[in-house]
Amino acid sequence: MTTTTRSRSASPSTPSSDEPPRSKRPRLASPSSSSASSLPYDVGMHLAPMVRIGTLPTRLLSLEYGASLVWGPEIVDKALIGSTRSVDPKTGVVSFMKNNRSIFECHPIEKERLIFQLGSADPELAVKALKVIENDVAGVGLNCGCPKSFSLSGGMGAALLKDPERLCNILKALVSSTSLPIDAKIRLLPLPETPSSPPSPYSEDPTLPLIRQTLSTGIKCLTVHCRTQTMRSSEPALHSRLLSINKSLSLLREKASPEEEWTKIPVVCNGDVTGGNGSTEEQEKDTWGNFREVCRETGVRSVMIARAAESNPSCFNSKGLEDPIKVVIPRLLRIAILTKNHYSNTKYVLNALNLHHSPTPPGKELNRDLKLRMNKAKTYLEMGEIFGIGKEEVERLEKEGDRAMLEEMVPRWMERLKGIQGKEEEKEEVEKK
């Protein structure tokens, strides 16, 4: 089997570390290292939950490139409840089926760092959905920020921002019903409209009380998308507001008792993050992307990436972007074929990629030609031919593909995974003693 691999030296983590390294610069939002959650919410860069984009191939490739955690696409509670779990005996892919279609797919090799993103407006339904999925994921996140009409009409997503009591009741119900860590993702609340006297930059941000309520529910992480519900993605993220919020949280932490769990909860920034290299202070001058810049502007230590990951999943690579035409797309295609990802979804993911987000961007004619051919491709055979994957290899991946072949496609992630599992085993041995 032909796979595209990269040298170990290009790994975003060194062989002695099982997680992407932390930046050494002190952060305002840094919680205590004694956080009850073992998941690295406060480390590096995470793949944000993205509808239709954050499916299994994208998540595995993101982990391979160095993502600390990967969130799946939002799945509504009612859609998951009543589904049937099945496992492909060769590949190991886990599918949750309902009405003859797959609701969600995952794989055991991503389980240690996979977060299921849940859409819900009801505590009871949220818990029922969690019980369906909890044995196949490392954590569950509640969507409290999606501005799309399908979420708002059901009282989910950003609609929960206007109903903090319901939001917190759902989180408390999830926390009390599982040993898995629960997280939440919110948006900024709009500033008061006072044209005659604009709000002072030193006044309390209206989002702060909501954040305090949310942190007190027992969750292990809070992500703040630095835009309000009505803002478009083309509008600059409001990083300065998150910095102000984190400064206020730091003051509150200083006054709080060390035993108060909310003081240990990391706050993650989402919005206008492109990636970057946050490995060591010595490499700061060689950084790419804006990881460090966003950390400085917001007072966080970890970020969540959406649009940049949609454009090119290698944004998690500490050495910079890889060529989407020669490297990223062929790797994603091979993973998608082997895991039997629905072709329509794979095509959607590929068409969302930006071929110019590359160290060697194509010319206008090549870009136009490739996009036209990609749009016309109706099968994996046709799509594979565009990117140098021949008919024999496509058929071999479809017929002979198994878990071992899948693991070969994400070697750096498998190396990290061994370290993660080794630490978990050591922890269990210590607890037994």
# chains A, B, ... in the order shown; residues from 1 in each chain; ligands from 1
call {"tool": "residues_around", "arguments": {"residues": "A:Gly82", "least_positions_apart": "2", "cutoff": "12 Å", "atoms": "only C-alpha atoms", "output": "PyMOL selection string"}}
result
chain A and resi 77-80+84-85+96-99+103+125+128-133
call {"tool": "atom_distance", "arguments": {"atom1": "atom CA of A:Leu350", "atom2": "atom CA of A:Thr58"}}
result
9.9 Å
call {"tool": "residues_around", "arguments": {"residues": "A:Thr217", "least_positions_apart": "6", "cutoff": "12 Å", "atoms": "only C-alpha atoms", "output": "list in words"}}
result
Pro164, Glu165, Arg166, Leu167, Cys168, Asn169, Ile170, Leu171, Lys172, Ala173, Leu174, Val175, Ser176, Pro181, Ile182, Asp183, Ala184, Leu210, Ile211, Glu260, Glu261, Trp262 and Ile265 of chain A
call {"tool": "write_last_selection", "arguments": {"atoms": "C-alpha atoms", "output": "CSV table (one decimal), in the first residue's frame"}}
result
chain,number,residue,atom,x,y,z
A,164,PRO,CA,-28.5,30.5,31.2
A,165,GLU,CA,-30.6,28.5,33.7
A,166,ARG,CA,-31.4,25.9,31.0
A,167,LEU,CA,-27.8,25.9,29.8
A,168,CYS,CA,-26.5,25.2,33.2
A,169,ASN,CA,-29.1,22.6,34.0
A,170,ILE,CA,-28.1,20.7,30.9
A,171,LEU,CA,-24.4,20.9,31.9
A,172,LYS,CA,-25.1,19.8,35.5
A,173,ALA,CA,-27.2,16.9,34.3
A,174,LEU,CA,-24.4,15.7,32.0
A,175,VAL,CA,-21.7,16.1,34.7
A,176,SER,CA,-23.7,14.2,37.3
A,181,PRO,CA,-15.2,15.3,31.4
A,182,ILE,CA,-17.9,17.7,30.1
A,183,ASP,CA,-17.1,20.9,28.3
A,184,ALA,CA,-19.1,23.8,26.8
A,210,LEU,CA,-22.5,33.7,32.2
A,211,ILE,CA,-19.0,32.3,32.2
A,260,GLU,CA,-13.1,25.7,44.4
A,261,GLU,CA,-13.0,23.5,41.3
A,262,TRP,CA,-14.0,26.3,38.9
A,265,ILE,CA,-10.9,25.1,34.6
call {"tool": "residues_around", "arguments": {"residues": "A:Pro206", "least_positions_apart": "4", "cutoff": "12 Å", "atoms": "only C-alpha atoms", "output": "ChimeraX atom specification"}}
result
/A:161,187-193,199,201-202,210-212,228,241-242,244-245,248
